>>> print(open('coords-v3.cif').read())   # mmCIF, C-alpha atoms
data_run
loop_
_atom_site.label_atom_id
_atom_site.label_comp_id
_atom_site.auth_asym_id
_atom_site.auth_seq_id
_atom_site.Cartn_x
_atom_site.Cartn_y
_atom_site.Cartn_z
CA MET D 1 -51.78 2.71 15.17
CA THR D 2 -49.75 -0.38 16.09
CA LYS D 3 -47.23 0.14 18.87
CA GLN D 4 -43.68 -0.09 17.54
CA SER D 5 -41.68 -2.95 19.01
CA ILE D 6 -38.59 -2.11 21.05
CA ILE D 7 -37.14 -5.53 20.22
CA ASN D 8 -34.26 -5.11 17.79
CA ASP D 9 -30.65 -6.19 17.14
CA SER D 10 -29.34 -3.69 19.70
CA LEU D 11 -31.57 -5.08 22.45
CA ILE D 12 -30.56 -8.66 21.58
CA ASN D 13 -26.89 -7.67 21.74
CA SER D 14 -27.36 -6.01 25.14
CA LEU D 15 -29.33 -8.99 26.44
CA TYR D 16 -26.56 -11.46 25.57
CA ASN D 17 -23.87 -9.25 27.05
CA GLU D 18 -25.70 -8.57 30.32
CA VAL D 19 -27.47 -11.91 30.88
CA PHE D 20 -24.96 -14.38 29.42
CA GLY D 21 -21.76 -12.33 29.48
CA GLU D 22 -21.08 -12.97 25.82
CA SER D 23 -21.10 -10.77 22.72
CA PRO D 24 -22.87 -12.25 19.67
CA ILE D 25 -20.81 -12.62 16.51
CA ASN D 26 -23.93 -12.27 14.38
CA ILE D 27 -27.60 -11.49 15.00
CA GLU D 28 -30.16 -12.37 12.33
CA HIS D 29 -33.81 -11.39 12.62
CA ILE D 30 -35.82 -14.29 11.19
CA ILE D 31 -39.07 -13.26 9.54
CA GLY D 32 -41.95 -15.66 8.97
CA LEU D 33 -41.34 -18.12 11.82
CA GLY D 34 -44.44 -17.22 13.78
CA GLU D 35 -46.99 -14.45 13.96
CA VAL D 36 -46.68 -13.84 17.71
CA ASN D 37 -43.01 -13.86 18.69
CA GLN D 38 -39.96 -11.97 17.48
CA VAL D 39 -37.42 -14.61 16.43
CA TYR D 40 -33.65 -14.17 16.14
CA LYS D 41 -30.80 -16.48 15.19
CA VAL D 42 -27.78 -15.62 17.33
CA THR D 43 -24.28 -16.85 16.50
CA LEU D 44 -21.84 -17.04 19.39
CA CYS D 45 -18.22 -18.18 19.61
CA ASN D 46 -19.02 -21.81 20.39
CA GLU D 47 -22.68 -22.22 19.46
CA THR D 48 -25.68 -20.88 17.61
CA ASN D 49 -29.10 -20.57 19.13
CA ILE D 50 -32.58 -19.21 18.56
CA ILE D 51 -34.08 -16.60 20.86
CA ARG D 52 -37.78 -15.78 20.82
CA LEU D 53 -39.22 -12.73 22.57
CA ARG D 54 -42.62 -11.13 23.05
CA GLU D 55 -43.55 -7.82 24.70
CA GLU D 56 -46.36 -9.30 26.76
CA PRO D 57 -46.19 -10.40 30.43
CA LYS D 58 -48.12 -13.60 29.67
CA ALA D 59 -45.32 -14.66 27.33
CA TYR D 60 -43.22 -15.71 30.32
CA SER D 61 -45.72 -18.36 31.47
CA ASP D 62 -46.20 -19.42 27.85
CA TYR D 63 -42.45 -19.97 27.49
CA ILE D 64 -42.35 -21.93 30.75
CA LYS D 65 -45.09 -24.15 29.32
CA GLU D 66 -43.14 -24.61 26.09
CA LYS D 67 -40.03 -25.58 28.04
CA PHE D 68 -42.02 -28.17 29.97
CA CYS D 69 -43.58 -29.58 26.80
CA MET D 70 -40.26 -29.82 24.96
CA GLU D 71 -38.68 -31.60 27.92
CA GLN D 72 -41.58 -34.06 27.99
CA ALA D 73 -41.30 -34.57 24.24
CA GLU D 74 -37.58 -35.28 24.53
CA LYS D 75 -38.22 -37.79 27.33
CA ALA D 76 -40.68 -39.54 25.03
CA GLY D 77 -38.07 -39.83 22.27
CA ILE D 78 -39.16 -36.92 20.09
CA PRO D 79 -36.31 -34.82 18.62
CA VAL D 80 -36.74 -31.19 19.74
CA ALA D 81 -34.60 -28.12 20.29
CA LYS D 82 -33.11 -27.96 23.78
CA VAL D 83 -34.25 -25.00 25.88
CA THR D 84 -31.29 -23.40 27.64
CA CYS D 85 -33.03 -20.45 29.26
CA VAL D 86 -36.40 -18.84 30.00
CA ASP D 87 -36.13 -15.42 31.61
CA LYS D 88 -36.96 -11.71 31.31
CA TYR D 89 -34.79 -8.83 30.14
CA ASN D 90 -36.02 -5.27 30.70
CA ASP D 91 -39.39 -6.89 31.53
CA ILE D 92 -39.47 -8.63 28.12
CA PRO D 93 -39.91 -12.43 28.41
CA PHE D 94 -37.62 -14.55 26.25
CA ILE D 95 -36.79 -18.19 25.59
CA VAL D 96 -33.45 -19.43 24.25
CA GLN D 97 -33.25 -22.71 22.34
CA SER D 98 -30.50 -24.60 20.55
CA TYR D 99 -30.33 -23.95 16.82
CA ILE D 100 -31.26 -26.89 14.59
CA ASP D 101 -29.27 -26.96 11.36
CA GLY D 102 -31.82 -28.19 8.83
CA ILE D 103 -34.66 -27.31 6.47
CA ASN D 104 -38.19 -26.37 7.44
CA GLY D 105 -40.57 -29.22 6.62
CA SER D 106 -42.79 -26.93 4.53
CA LEU D 107 -39.86 -26.56 2.11
CA CYS D 108 -39.46 -30.34 1.65
CA PRO D 109 -42.39 -31.38 -0.58
CA ASP D 110 -40.62 -34.61 -1.51
CA LYS D 111 -40.62 -35.64 2.16
CA SER D 112 -44.13 -34.52 3.13
CA GLU D 113 -45.53 -38.04 3.46
CA LEU D 114 -42.55 -39.12 5.57
CA ILE D 115 -43.02 -36.08 7.80
CA TRP D 116 -46.76 -36.70 8.27
CA ALA D 117 -46.06 -40.31 9.23
CA THR D 118 -43.43 -39.11 11.71
CA LEU D 119 -45.83 -36.53 13.17
CA GLY D 120 -48.41 -39.26 13.71
CA LYS D 121 -45.90 -41.22 15.78
CA TYR D 122 -44.87 -38.09 17.69
CA ALA D 123 -48.50 -37.27 18.53
CA ARG D 124 -48.86 -40.68 20.16
CA LEU D 125 -45.50 -40.48 21.96
CA LEU D 126 -46.32 -37.06 23.43
CA GLN D 127 -49.30 -38.56 25.23
CA SER D 128 -46.93 -40.35 27.62
CA ALA D 129 -46.33 -37.01 29.41
CA GLU D 130 -47.69 -36.84 32.94
CA VAL D 131 -50.18 -33.97 32.95
CA THR D 132 -53.38 -33.05 34.75
CA GLY D 133 -56.20 -30.57 34.16
CA TYR D 134 -57.66 -29.33 30.90
CA GLY D 135 -56.89 -26.39 28.63
CA LEU D 136 -54.17 -24.26 27.08
CA ASP D 137 -52.50 -22.54 30.05
CA MET D 138 -50.06 -24.31 32.37
CA VAL D 139 -50.62 -22.93 35.89
CA ASP D 140 -48.20 -25.27 37.68
CA TYR D 141 -45.69 -27.92 36.62
CA GLY D 142 -47.69 -30.23 34.35
CA VAL D 143 -51.01 -28.73 35.49
CA PHE D 144 -53.13 -27.20 32.73
CA TYR D 145 -56.15 -24.93 33.00
CA ASN D 146 -58.75 -23.03 31.01
CA SER D 147 -60.25 -20.17 33.01
CA PHE D 148 -63.36 -19.99 30.82
CA SER D 149 -64.00 -23.73 30.66
CA PRO D 150 -62.13 -25.40 33.56
CA SER D 151 -63.21 -28.84 32.37
CA PHE D 152 -64.34 -30.53 29.19
CA LYS D 153 -67.81 -30.89 30.74
CA ASN D 154 -67.98 -27.11 31.26
CA HIS D 155 -66.84 -26.60 27.68
CA VAL D 156 -69.62 -28.81 26.29
CA GLU D 157 -72.34 -27.48 28.61
CA TYR D 158 -71.56 -23.89 27.66
CA ASN D 159 -72.00 -24.66 23.97
CA VAL D 160 -75.17 -26.69 24.62
CA ASN D 161 -76.74 -23.81 26.54
CA CYS D 162 -75.94 -21.37 23.73
CA ILE D 163 -78.12 -23.30 21.28
CA CYS D 164 -81.53 -21.62 21.55
CA GLU D 165 -84.18 -19.89 19.46
CA ASN D 166 -82.41 -16.54 19.86
CA ASP D 167 -78.96 -17.90 19.00
CA GLU D 168 -76.91 -15.41 16.98
CA PHE D 169 -75.74 -18.34 14.83
CA ILE D 170 -79.22 -18.70 13.31
CA LYS D 171 -79.11 -15.06 12.19
CA LEU D 172 -75.60 -15.63 10.81
CA GLY D 173 -76.87 -18.59 8.79
CA VAL D 174 -74.69 -21.17 10.51
CA TYR D 175 -77.60 -23.54 11.08
CA PRO D 176 -81.42 -23.38 10.64
CA SER D 177 -83.57 -23.07 13.76
CA GLU D 178 -85.22 -26.45 13.13
CA GLN D 179 -81.84 -28.17 13.64
CA ALA D 180 -81.22 -26.67 17.09
CA ASP D 181 -82.45 -29.73 18.96
CA SER D 182 -80.36 -32.15 16.91
CA ILE D 183 -77.22 -30.06 17.59
CA LYS D 184 -77.95 -29.87 21.33
CA LYS D 185 -78.49 -33.63 21.47
CA ALA D 186 -75.30 -34.26 19.53
CA PHE D 187 -73.22 -32.06 21.85
CA SER D 188 -74.87 -33.64 24.90
CA THR D 189 -73.81 -37.15 23.81
CA LEU D 190 -70.21 -36.08 24.47
CA LEU D 191 -71.05 -35.81 28.17
CA ASN D 192 -71.76 -39.54 28.35
CA THR D 193 -68.18 -40.65 27.66
CA ASP D 194 -65.18 -40.47 29.98
CA PHE D 195 -62.62 -39.27 27.43
CA PRO D 196 -58.90 -39.55 28.19
CA LEU D 197 -57.08 -36.22 28.61
CA LYS D 198 -53.51 -36.04 27.30
CA LEU D 199 -50.85 -33.57 26.20
CA ILE D 200 -51.38 -32.44 22.59
CA HIS D 201 -48.96 -30.37 20.50
CA GLY D 202 -51.80 -28.31 19.09
CA ASP D 203 -50.27 -27.29 15.75
CA MET D 204 -48.74 -30.29 14.05
CA SER D 205 -47.95 -29.26 10.50
CA LEU D 206 -45.07 -29.29 8.04
CA LYS D 207 -44.11 -25.72 9.00
CA ASN D 208 -43.54 -26.82 12.59
CA THR D 209 -40.87 -29.34 11.71
CA ILE D 210 -37.19 -29.09 10.86
CA VAL D 211 -35.68 -31.84 8.74
CA SER D 212 -32.03 -32.41 9.62
CA GLY D 213 -30.41 -35.43 8.01
CA ASP D 214 -32.57 -38.44 8.84
CA LYS D 215 -34.28 -36.70 11.78
CA VAL D 216 -37.53 -34.76 11.88
CA PHE D 217 -37.49 -32.22 14.72
CA LEU D 218 -40.76 -30.97 16.19
CA ILE D 219 -40.86 -27.24 16.99
CA ASP D 220 -43.23 -24.53 18.30
CA PHE D 221 -45.13 -25.84 21.31
CA GLY D 222 -46.97 -22.54 21.85
CA SER D 223 -50.36 -24.16 21.15
CA ALA D 224 -49.68 -27.22 23.31
CA HIS D 225 -52.57 -28.06 25.61
CA VAL D 226 -54.26 -30.85 27.50
CA GLY D 227 -57.26 -32.09 25.55
CA ILE D 228 -59.38 -35.03 24.48
CA VAL D 229 -57.66 -37.83 22.58
CA PRO D 230 -57.81 -38.76 19.85
CA HIS D 231 -60.34 -36.13 18.68
CA ASP D 232 -58.47 -32.98 19.74
CA VAL D 233 -55.34 -34.38 18.10
CA PHE D 234 -57.08 -34.50 14.73
CA ILE D 235 -58.95 -31.21 15.18
CA SER D 236 -55.80 -29.28 16.08
CA LEU D 237 -53.98 -30.90 13.18
CA ASP D 238 -53.66 -28.54 10.26
CA ILE D 239 -56.13 -30.64 8.23
CA ASP D 240 -56.89 -27.93 5.70
CA ALA D 241 -53.23 -27.92 4.65
CA THR D 242 -53.06 -31.68 4.13
CA THR D 243 -54.38 -33.99 1.50
CA LYS D 244 -56.72 -36.84 2.46
CA LYS D 245 -53.81 -39.18 1.78
CA GLU D 246 -51.51 -37.30 4.18
CA PHE D 247 -54.20 -37.18 6.87
CA SER D 248 -54.67 -40.93 6.46
CA ILE D 249 -50.91 -41.44 6.79
CA PHE D 250 -50.95 -39.38 10.00
CA TYR D 251 -53.73 -41.24 11.82
CA LYS D 252 -52.42 -44.65 10.77
CA ALA D 253 -48.98 -43.75 12.15
CA TYR D 254 -50.76 -42.47 15.25
CA GLY D 255 -52.15 -45.99 15.66
CA ILE D 256 -55.69 -45.87 14.27
CA SER D 257 -56.71 -48.10 11.37
CA ASN D 258 -59.09 -47.11 8.57
CA GLU D 259 -61.81 -49.25 10.16
CA GLU D 260 -61.32 -47.61 13.58
CA PHE D 261 -61.34 -44.12 12.07
CA ILE D 262 -64.61 -44.85 10.26
CA GLN D 263 -66.12 -45.97 13.57
CA ILE D 264 -65.16 -42.78 15.41
CA GLN D 265 -65.95 -40.47 12.49
CA PRO D 266 -69.54 -39.56 13.55
CA GLN D 267 -68.28 -38.52 16.98
CA PHE D 268 -65.32 -36.74 15.37
CA LYS D 269 -67.76 -34.67 13.27
CA ILE D 270 -69.52 -33.61 16.46
CA PHE D 271 -66.20 -32.63 18.05
CA HIS D 272 -65.25 -30.68 14.96
CA MET D 273 -68.57 -28.81 14.96
CA LEU D 274 -68.23 -28.09 18.69
CA ASN D 275 -64.74 -26.68 18.12
CA ALA D 276 -65.85 -24.48 15.20
CA PHE D 277 -68.92 -23.23 17.09
CA ASP D 278 -66.82 -22.42 20.15
CA LYS D 279 -64.33 -20.38 18.10
CA LEU D 280 -67.13 -18.48 16.39
CA ARG D 281 -68.69 -17.65 19.77
CA TRP D 282 -65.30 -16.33 20.87
CA ALA D 283 -65.14 -14.19 17.72
CA VAL D 284 -68.67 -12.86 18.32
CA ASP D 285 -67.96 -12.09 21.99
CA HIS D 286 -64.73 -10.28 21.09
CA ARG D 287 -66.40 -8.42 18.20
CA ILE D 288 -63.85 -9.57 15.66
CA ASN D 289 -64.20 -7.43 12.54
CA ASP D 290 -63.69 -10.17 9.97
CA MET D 291 -66.22 -12.83 10.94
CA PHE D 292 -66.34 -14.49 7.52
CA TYR D 293 -63.69 -17.12 8.30
CA TYR D 294 -65.29 -18.19 11.59
CA VAL D 295 -68.83 -18.21 10.18
CA THR D 296 -67.73 -20.21 7.13
CA ARG D 297 -65.92 -22.79 9.27
CA ALA D 298 -68.86 -23.21 11.66
CA LYS D 299 -71.31 -23.56 8.77
CA GLU D 300 -69.03 -26.07 7.03
CA LYS D 301 -68.67 -28.23 10.17
CA PHE D 302 -72.43 -28.18 10.73
CA MET D 303 -72.99 -29.38 7.15
CA ASN D 304 -70.40 -32.15 7.64
CA PHE D 305 -72.17 -33.21 10.82
CA LYS D 306 -75.57 -33.09 9.12
CA THR D 307 -74.39 -35.16 6.15
CA CYS D 308 -72.59 -37.70 8.36
CA LEU D 309 -75.67 -38.33 10.51
CA LEU D 310 -78.06 -38.19 7.51
CA LEU D 311 -80.16 -35.43 9.04
CA PRO D 312 -82.91 -33.85 6.90
#
>>> encode(input="coords-v3.cif", output="structure tokens")
Amino acid sequence: MTKQSIINDSLINSLYNEVFGESPINIEHIIGLGEVNQVYKVTLCNETNIIRLREEPKAYSDYIKEKFCMEQAEKAGIPVAKVTCVDKYNDIPFIVQSYIDGINGSLCPDKSELIWATLGKYARLLQSAEVTGYGLDMVDYGVFYNSFSPSFKNHVEYNVNCICENDEFIKLGVYPSEQADSIKKAFSTLLNTDFPLKLIHGDMSLKNTIVSGDKVFLIDFGSAHVGIVPHDVFISLDIDATTKKEFSIFYKAYGISNEEFIQIQPQFKIFHMLNAFDKLRWAVDHRINDMFYYVTRAKEKFMNFKTCLLLP
């Protein structure tokens, strides 16, 4: 049975009174703006803001990371919501942001191509942020870390070592045993390049934008991380929800021509396969009940890699 959340309108009202010394005029629980956080629109006397909360201690460090990323995005010239507070109330972490009066990008089909072009520019601008490390968690100001794979080299080597004759993936039908060597060699080629590591939003999609007048605001930095550019930018992009035309618009606005994208495509296929394999291994290790999605994705990325490199 799922534990019932204690986050409700009454708690939000108490929070604003005790933390900010102000009684909300209206509190609106917003459904559908994220699967992880509870999101509320709070109207005050002189302003309206958004408060997001999560009953998990780790949420506090996640919100601190989001605040950092939004500040870096704003410095780079990307329109974002201003963060006014990150704190805890009754041991529940929360983040308060300014309310953006606009329309979610997913509800603006007539502007989808404009939004994708804007996101491409934003992805490039975000890379100006001064960050170090590698991974999803921010352990110090601008310092990112992945406890399982502290570096990209560790990340690749782990996946290389998993490819063997007893690999669970062979039983799952992800790849045939005779292709094990070709996959190991492909992954190993990634160790020969000194890839740049930059700040990446991690979930650029229409749903993570707000269109307000002539501005496109970028929201939800929960998946922001330090990763390989440009490959992690494209992998973390919600490619399945875009058309080939929109994806092309994105990477051109990002600053890569058709000719350049064709040149990096073989390596991109390897990155994509590595990412899908890594997520499937996570699902296997955590005994996720519904493995179909992860198996299908890994199998699909292997076939794309195989076709791209003309393997038998």
>>> residues_around(input="coords-v3.cif", residues="stretch 18-21 of chain D", least_positions_apart="3", cutoff="8 Å", atoms="all atoms listed in the file", output="list in words")
Ser14, Leu15 and Tyr89 of chain D
>>> write_last_selection(input="coords-v3.cif", atoms="C-alpha atoms", output="PDB file, in the coordinates of the input")
ATOM      1  CA  SER D  14     -27.360  -6.010  25.140  1.00  0.00           C
ATOM      2  CA  LEU D  15     -29.330  -8.990  26.440  1.00  0.00           C
ATOM      3  CA  TYR D  89     -34.790  -8.830  30.140  1.00  0.00           C
TER       4      TYR D  89
END
>>> resolve_selection(input="coords-v3.cif", expression="the PyMOL selection byres ((chain D and resi 235) around 9)", output="PyMOL selection string")
chain D and resi 202+230-234+236-239+268+271-272+275
>>> atom_distance(input="coords-v3.cif", atom1="atom CA of D:Leu11", atom2="atom CA of D:Lys88")
12.3 Å
>>> residues_around(input="coords-v3.cif", residues="D:Lys198", least_positions_apart="2", cutoff="6 Å", atoms="only C-alpha atoms", output="number ranges by chain")
D: 127, 226-227
>>> write_last_selection(input="coords-v3.cif", atoms="C-alpha atoms", output="PDB file, keeping the file's coordinate frame")
ATOM      1  CA  GLN D 127     -49.300 -38.560  25.230  1.00  0.00           C
ATOM      2  CA  VAL D 226     -54.260 -30.850  27.500  1.00  0.00           C
ATOM      3  CA  GLY D 227     -57.260 -32.090  25.550  1.00  0.00           C
TER       4      GLY D 227
END
>>> residues_around(input="coords-v3.cif", residues="D:Asn13", least_positions_apart="2", cutoff="10 Å", atoms="only C-alpha atoms", output="PyMOL selection string")
chain D and resi 8-11+15-18+22-27+42
>>> resolve_selection(input="coords-v3.cif", expression="the PyMOL selection byres ((chain D and resi 276-284) around 8)", output="mmCIF file with C-alpha atoms, keeping the file's coordinate frame")
data_model
loop_
_atom_site.group_PDB
_atom_site.id
_atom_site.type_symbol
_atom_site.label_atom_id
_atom_site.label_comp_id
_atom_site.auth_asym_id
_atom_site.auth_seq_id
_atom_site.Cartn_x
_atom_site.Cartn_y
_atom_site.Cartn_z
ATOM 1 C CA ASN D 159 -72.000 -24.660 23.970
ATOM 2 C CA HIS D 272 -65.250 -30.680 14.960
ATOM 3 C CA MET D 273 -68.570 -28.810 14.960
ATOM 4 C CA LEU D 274 -68.230 -28.090 18.690
ATOM 5 C CA ASN D 275 -64.740 -26.680 18.120
ATOM 6 C CA ASP D 285 -67.960 -12.090 21.990
ATOM 7 C CA HIS D 286 -64.730 -10.280 21.090
ATOM 8 C CA ARG D 287 -66.400 -8.420 18.200
ATOM 9 C CA ILE D 288 -63.850 -9.570 15.660
ATOM 10 C CA MET D 291 -66.220 -12.830 10.940
ATOM 11 C CA TYR D 294 -65.290 -18.190 11.590
ATOM 12 C CA VAL D 295 -68.830 -18.210 10.180
ATOM 13 C CA ARG D 297 -65.920 -22.790 9.270
ATOM 14 C CA ALA D 298 -68.860 -23.210 11.660
ATOM 15 C CA LYS D 301 -68.670 -28.230 10.170
#
>>> closest_atom_pairs(input="coords-v3.cif", of="stretch 168-206 of chain D", to="stretch 249-256 of chain D", cutoff="12 Å", atoms="only C-alpha atoms", output="Markdown table")
| residue | atom | partner | partner_atom | distance |
| --- | --- | --- | --- | --- |
| D:Met204 | CA | D:Phe250 | CA | 10.2 |
| D:Ser205 | CA | D:Phe250 | CA | 10.6 |
| D:Leu206 | CA | D:Phe250 | CA | 11.8 |
>>> resolve_selection(input="coords-v3.cif", expression="the PyMOL selection byres ((chain D and resi 302) around 12)", output="MDAnalysis selection string")
chainID D and resid 169:170 173:176 179:180 182:183 186:187 269:277 295:301 303:311
>>> closest_residue(input="coords-v3.cif", among="D:Gly120, D:Arg54, D:Glu178, D:Glu165", to="D:Ser248", atoms="all atoms listed in the file")
D:Gly120
>>> closest_atom_pairs(input="coords-v3.cif", of="stretch 56-104 of chain D", to="stretch 128-132 of chain D", cutoff="8 Å", atoms="all atoms listed in the file", output="CSV")
residue,atom,partner,partner_atom,distance
D:Gln72,CA,D:Ala129,CA,5.8
D:Ala73,CA,D:Ala129,CA,7.6
D:Ala76,CA,D:Ser128,CA,6.8
>>> atom_distance(input="coords-v3.cif", atom1="atom CA of D:Asp87", atom2="atom CA of D:Ser149")
29.1 Å
>>> closest_residue(input="coords-v3.cif", among="D:Pro93, D:Pro196, D:Glu47, D:Phe148", to="D:Asp62", atoms="all atoms listed in the file")
D:Pro93
>>> atom_distance(input="coords-v3.cif", atom1="atom CA of D:Pro79", atom2="atom CA of D:Leu218")
6.4 Å
>>> closest_atom_pairs(input="coords-v3.cif", of="stretch 14-95 of chain D", to="stretch 100-113 of chain D", cutoff="12 Å", atoms="only C-alpha atoms", output="tab-separated table")
residue	atom	partner	partner_atom	distance
D:Gly32	CA	D:Asn104	CA	11.5
D:Leu33	CA	D:Asn104	CA	9.9
D:Lys41	CA	D:Ile100	CA	10.4
D:Glu47	CA	D:Ile100	CA	10.9
D:Thr48	CA	D:Ile100	CA	8.7
D:Asn49	CA	D:Ile100	CA	8.1
D:Ile50	CA	D:Ile100	CA	8.7
D:Pro79	CA	D:Ile100	CA	10.2
D:Val80	CA	D:Ile100	CA	8.7
D:Ala81	CA	D:Ile100	CA	6.7
D:Lys82	CA	D:Ile100	CA	9.4
D:Val83	CA	D:Ile100	CA	11.8
>>> residues_around(input="coords-v3.cif", residues="D:Val216", least_positions_apart="6", cutoff="8 Å", atoms="all atoms listed in the file", output="PDB file with C-alpha atoms, in the frame of the given file")
ATOM      1  CA  PRO D  79     -36.310 -34.820  18.620  1.00  0.00           C
ATOM      2  CA  ILE D 115     -43.020 -36.080   7.800  1.00  0.00           C
ATOM      3  CA  THR D 118     -43.430 -39.110  11.710  1.00  0.00           C
ATOM      4  CA  THR D 209     -40.870 -29.340  11.710  1.00  0.00           C
ATOM      5  CA  ILE D 210     -37.190 -29.090  10.860  1.00  0.00           C
TER       6      ILE D 210
END
>>> closest_residue(input="coords-v3.cif", among="D:Phe261, D:Tyr134, D:Leu114, D:Asp203", to="D:Ser151", atoms="all atoms listed in the file")
D:Tyr134
>>> closest_residue(input="coords-v3.cif", among="D:Asp167, D:Lys153, D:Ala117, D:Ile219", to="D:Glu74", atoms="all atoms listed in the file")
D:Ile219
>>> closest_atom_pairs(input="coords-v3.cif", of="stretch 6-84 of chain D", to="stretch 140-146 of chain D", cutoff="9 Å", atoms="all atoms listed in the file", output="CSV")
residue,atom,partner,partner_atom,distance
D:Lys65,CA,D:Tyr141,CA,8.2
D:Phe68,CA,D:Gly142,CA,7.5
D:Cys69,CA,D:Gly142,CA,8.6
